[in-house]
file upload-v1.tsv (TSV, C-alpha atoms)
chain	number	residue	atom	x	y	z
A	1	GLU	CA	-11.32	-20.69	5.66
A	2	HIS	CA	-9.53	-22.46	2.82
A	3	ILE	CA	-8.17	-26.01	2.91
A	4	VAL	CA	-4.93	-26.13	0.91
A	5	GLN	CA	-5.15	-28.31	-2.19
A	6	ALA	CA	-2.31	-29.71	-4.30
A	7	GLY	CA	-0.95	-26.92	-6.51
A	8	ASP	CA	-2.17	-24.05	-4.30
A	9	THR	CA	0.25	-21.16	-3.78
A	10	LEU	CA	-0.12	-18.06	-1.65
A	11	GLY	CA	-0.06	-15.94	-4.80
A	12	GLU	CA	-2.87	-17.90	-6.46
A	13	LEU	CA	-4.95	-17.91	-3.26
A	14	ALA	CA	-4.48	-14.14	-2.97
A	15	LYS	CA	-5.78	-13.65	-6.53
A	16	THR	CA	-8.71	-16.01	-5.93
A	17	TYR	CA	-9.80	-14.24	-2.74
A	18	GLY	CA	-8.90	-10.65	-3.76
A	19	THR	CA	-6.29	-10.17	-1.06
A	20	THR	CA	-2.50	-10.27	-0.77
A	21	LYS	CA	-0.18	-13.19	-0.16
A	22	GLU	CA	1.46	-11.12	2.60
A	23	LEU	CA	-1.85	-10.83	4.48
A	24	ILE	CA	-2.60	-14.55	4.16
A	25	ALA	CA	0.90	-15.33	5.45
A	26	GLU	CA	0.58	-12.88	8.36
A	27	ILE	CA	-2.83	-14.14	9.48
A	28	ASN	CA	-1.67	-17.75	9.38
A	29	GLY	CA	1.84	-17.33	10.81
A	30	ILE	CA	3.56	-18.39	7.58
A	31	ASP	CA	7.09	-17.02	7.30
A	32	ASN	CA	8.53	-18.95	4.36
A	33	ASN	CA	5.66	-18.91	1.80
A	34	MET	CA	5.36	-22.70	2.18
A	35	ILE	CA	1.87	-24.11	2.59
A	36	ARG	CA	1.03	-27.77	3.03
A	37	VAL	CA	-1.77	-29.73	1.41
A	38	GLY	CA	-4.62	-30.19	3.89
A	39	LYS	CA	-3.66	-27.19	6.04
A	40	SER	CA	-6.55	-24.92	6.98
A	41	LEU	CA	-5.87	-21.25	6.18
A	42	GLN	CA	-7.86	-18.30	7.48
A	43	ILE	CA	-8.34	-15.72	4.73
A	44	LEU	CA	-9.74	-12.23	5.20
A	45	THR	CA	-12.22	-11.55	2.44
A	46	GLY	CA	-13.83	-8.25	1.61
A	47	THR	CA	-13.01	-5.06	-0.22
A	48	PHE	CA	-10.73	-2.35	1.11
A	49	THR	CA	-11.11	1.24	-0.11
A	50	GLY	CA	-9.16	4.33	0.85
A	51	THR	CA	-10.03	8.02	0.86
A	52	VAL	CA	-7.25	10.59	1.09
A	53	ASP	CA	-8.45	13.96	2.42
A	54	LYS	CA	-5.87	16.56	1.33
A	55	SER	CA	-7.23	19.30	3.60
A	56	ARG	CA	-6.80	17.10	6.68
A	57	ASN	CA	-3.75	15.13	5.49
A	58	GLU	CA	-5.47	11.89	6.42
A	59	MET	CA	-6.38	8.65	4.71
A	60	GLU	CA	-9.38	6.69	5.91
A	61	LEU	CA	-9.27	2.99	5.14
A	62	ARG	CA	-12.55	1.08	4.97
A	63	LEU	CA	-13.31	-2.63	4.71
A	64	ASN	CA	-16.67	-3.45	3.11
A	65	ASP	CA	-17.68	0.21	3.60
A	66	GLN	CA	-17.01	0.02	7.36
A	67	PHE	CA	-14.34	2.14	9.05
A	68	PHE	CA	-11.11	0.15	9.46
A	69	LYS	CA	-8.29	2.63	10.23
A	70	ARG	CA	-7.18	6.24	9.80
A	71	TYR	CA	-3.65	7.24	8.79
A	72	THR	CA	-1.88	10.60	8.89
A	73	VAL	CA	-0.36	11.32	5.46
A	74	GLY	CA	1.66	13.92	3.64
A	75	THR	CA	0.23	15.31	0.40
A	76	GLY	CA	1.47	17.53	-2.41
A	77	ALA	CA	2.72	21.05	-1.89
A	78	ASP	CA	0.62	23.70	-3.63
A	79	SER	CA	-2.27	21.20	-3.95
A	80	SER	CA	-0.24	19.10	-6.42
A	81	THR	CA	-1.84	15.81	-5.34
A	82	PRO	CA	-4.56	15.30	-7.95
A	83	ILE	CA	-8.14	14.73	-6.80
A	84	GLY	CA	-10.13	11.89	-8.29
A	85	ASP	CA	-10.84	8.17	-8.18
A	86	TYR	CA	-7.89	5.87	-8.72
A	87	ALA	CA	-6.83	2.27	-8.23
A	88	ILE	CA	-3.61	0.62	-7.11
A	89	THR	CA	-1.96	-0.84	-10.21
A	90	LEU	CA	1.45	-1.92	-8.89
A	91	ARG	CA	2.85	-2.87	-5.49
A	92	LEU	CA	6.61	-2.49	-4.95
A	93	ARG	CA	8.89	-3.36	-2.06
A	94	ASN	CA	12.27	-1.53	-1.97
A	95	PRO	CA	11.25	0.75	-4.86
A	96	VAL	CA	13.50	2.63	-7.26
A	97	TRP	CA	12.66	6.36	-7.43
A	98	TYR	CA	12.59	8.10	-10.81
A	99	ARG	CA	13.09	11.83	-10.44
A	100	PRO	CA	11.03	14.02	-12.81
A	101	ASP	CA	14.16	14.66	-14.91
A	102	GLY	CA	14.45	10.90	-15.57
A	103	GLN	CA	17.34	10.14	-13.23
A	104	SER	CA	16.77	7.03	-11.10
A	105	PHE	CA	17.86	6.23	-7.56
A	106	ALA	CA	17.97	2.66	-6.25
A	107	TYR	CA	16.36	1.69	-2.98
A	108	GLY	CA	18.66	2.77	-0.16
A	109	HIS	CA	20.25	5.62	-2.11
A	110	PRO	CA	20.18	8.86	-0.04
A	111	GLU	CA	18.23	10.67	-2.80
A	112	ASN	CA	15.52	7.98	-3.07
A	113	LEU	CA	12.45	9.58	-1.48
A	114	LEU	CA	10.08	6.59	-1.62
A	115	GLY	CA	10.80	4.84	1.66
A	116	THR	CA	10.36	1.09	1.95
A	117	HIS	CA	7.25	0.48	-0.20
A	118	TYR	CA	5.34	2.07	-3.09
A	119	LEU	CA	1.74	1.52	-4.20
A	120	LYS	CA	1.36	3.02	-7.69
A	121	LEU	CA	-1.95	4.55	-8.70
A	122	ASN	CA	-3.34	4.52	-12.23
A	123	THR	CA	-2.30	8.10	-12.94
A	124	PRO	CA	1.18	9.16	-14.08
A	125	GLY	CA	3.74	9.68	-11.33
A	126	ILE	CA	1.36	9.38	-8.37
A	127	GLY	CA	1.28	6.74	-5.67
A	128	LEU	CA	1.20	5.98	-1.98
A	129	HIS	CA	4.67	5.52	-0.47
A	130	GLY	CA	6.80	5.62	2.62
A	131	THR	CA	9.35	8.30	3.35
A	132	TRP	CA	12.74	8.73	4.95
A	133	GLU	CA	11.53	12.15	6.13
A	134	PRO	CA	8.85	11.25	8.70
A	135	GLU	CA	8.52	14.91	9.70
A	136	SER	CA	6.94	15.58	6.27
A	137	VAL	CA	3.97	13.31	7.09
A	138	GLY	CA	1.03	15.43	8.17
A	139	SER	CA	1.85	18.35	5.88
A	140	GLN	CA	1.51	19.35	2.25
A	141	SER	CA	5.13	18.95	1.18
A	142	SER	CA	5.46	16.22	-1.46
A	143	ALA	CA	5.69	16.58	-5.23
A	144	GLY	CA	2.18	15.09	-5.51
A	145	CYS	CA	2.35	11.60	-4.04
A	146	VAL	CA	0.75	10.58	-0.74
A	147	ARG	CA	3.43	9.95	1.91
A	148	PHE	CA	3.18	7.66	4.91
A	149	GLN	CA	5.51	6.76	7.74
A	150	ASN	CA	7.39	3.67	6.56
A	151	GLU	CA	5.69	1.47	9.19
A	152	MET	CA	2.27	2.53	7.91
A	153	ILE	CA	2.99	1.95	4.21
A	154	GLU	CA	4.41	-1.47	5.14
A	155	GLU	CA	1.08	-2.25	6.82
A	156	LEU	CA	-0.87	-1.04	3.78
A	157	TYR	CA	1.38	-3.05	1.46
A	158	LYS	CA	0.39	-6.18	3.37
A	159	ILE	CA	-3.34	-5.59	3.16
A	160	LEU	CA	-4.08	-3.69	-0.07
A	161	PRO	CA	-4.07	-5.74	-3.28
A	162	GLU	CA	-3.77	-4.36	-6.79
A	163	GLY	CA	-7.14	-2.98	-7.86
A	164	THR	CA	-7.89	-1.35	-4.48
A	165	SER	CA	-9.85	1.90	-5.01
A	166	ILE	CA	-8.26	5.08	-3.67
A	167	ARG	CA	-10.24	8.34	-3.75
A	168	ILE	CA	-8.43	11.64	-3.28
A	169	VAL	CA	-10.53	14.64	-2.20
A	170	ASP	CA	-9.76	18.29	-1.35
call {"tool": "encode", "arguments": {"input": "upload-v1.tsv", "output": "structure tokens"}}
result
Amino acid sequence: EHIVQAGDTLGELAKTYGTTKELIAEINGIDNNMIRVGKSLQILTGTFTGTVDKSRNEMELRLNDQFFKRYTVGTGADSSTPIGDYAITLRLRNPVWYRPDGQSFAYGHPENLLGTHYLKLNTPGIGLHGTWEPESVGSQSSAGCVRFQNEMIEELYKILPEGTSIRIVD
């Protein structure tokens, strides 16, 4: 619980507590980012981690090392999703997609493959994102990124702050 003080913002509270402003807003029924001095806010604290299992096309999300949720994902064709330990470095809503040849496609363009949200990992060209091709989720069909149904990446966008650890295993 946090009692709002003068000068508090959802963004600053999210940084202080290691969460996202979207999650604070959701938990507390805030729809306009406005918080009032003296208001009591419930804030989920703890550390989320994710493990993507390429062989099962699943991501297990944990909170404080306890199982939280499992997601079906799409991974890279020909094992192109790199294994290793990564962290989310950027969170984007309505992302622009940059094709490997450098051409870019704005959100909403028919050739933009990223769906509604993108969580960039600290390795070139790899992230967690939605897709406009939900049938590709559950298979190894991407160029290397981890694909989610748009509804699922929207949920993850709300709860996973920058710095969240993501492990990718075979």
call {"tool": "closest_atom_pairs", "arguments": {"input": "upload-v1.tsv", "of": "stretch 83-165 of chain A", "to": "stretch 15-30 of chain A", "cutoff": "12 Å", "atoms": "all atoms listed in the file", "output": "tab-separated table"}}
result
residue	atom	partner	partner_atom	distance
A:Arg91	CA	A:Thr20	CA	10.3
A:Arg93	CA	A:Glu22	CA	11.7
A:Glu154	CA	A:Glu22	CA	10.4
A:Glu155	CA	A:Leu23	CA	9.4
A:Leu156	CA	A:Leu23	CA	9.9
A:Tyr157	CA	A:Glu22	CA	8.2
A:Lys158	CA	A:Glu22	CA	5.1
A:Ile159	CA	A:Leu23	CA	5.6
A:Leu160	CA	A:Thr20	CA	6.8
A:Pro161	CA	A:Thr20	CA	5.4
A:Glu162	CA	A:Thr20	CA	8.5
A:Gly163	CA	A:Gly18	CA	8.9
A:Thr164	CA	A:Gly18	CA	9.4
call {"tool": "closest_residue", "arguments": {"input": "upload-v1.tsv", "among": "A:Arg147, A:Lys120, A:His129, A:Arg56", "to": "A:Thr75", "atoms": "only C-alpha atoms"}}
result
A:Arg147
call {"tool": "atom_distance", "arguments": {"input": "upload-v1.tsv", "atom1": "atom CA of A:Pro134", "atom2": "atom CA of A:Gln66"}}
result
28.2 Å
call {"tool": "atom_distance", "arguments": {"input": "upload-v1.tsv", "atom1": "atom CA of A:Ile88", "atom2": "atom CA of A:Ser165"}}
result
6.7 Å
call {"tool": "closest_residue", "arguments": {"input": "upload-v1.tsv", "among": "A:Asn32, A:Thr116, A:Thr9, A:Asn150", "to": "A:Pro95", "atoms": "all atoms listed in the file"}}
result
A:Thr116
call {"tool": "atom_distance", "arguments": {"input": "upload-v1.tsv", "atom1": "atom CA of A:Leu61", "atom2": "atom CA of A:Thr49"}}
result
5.8 Å
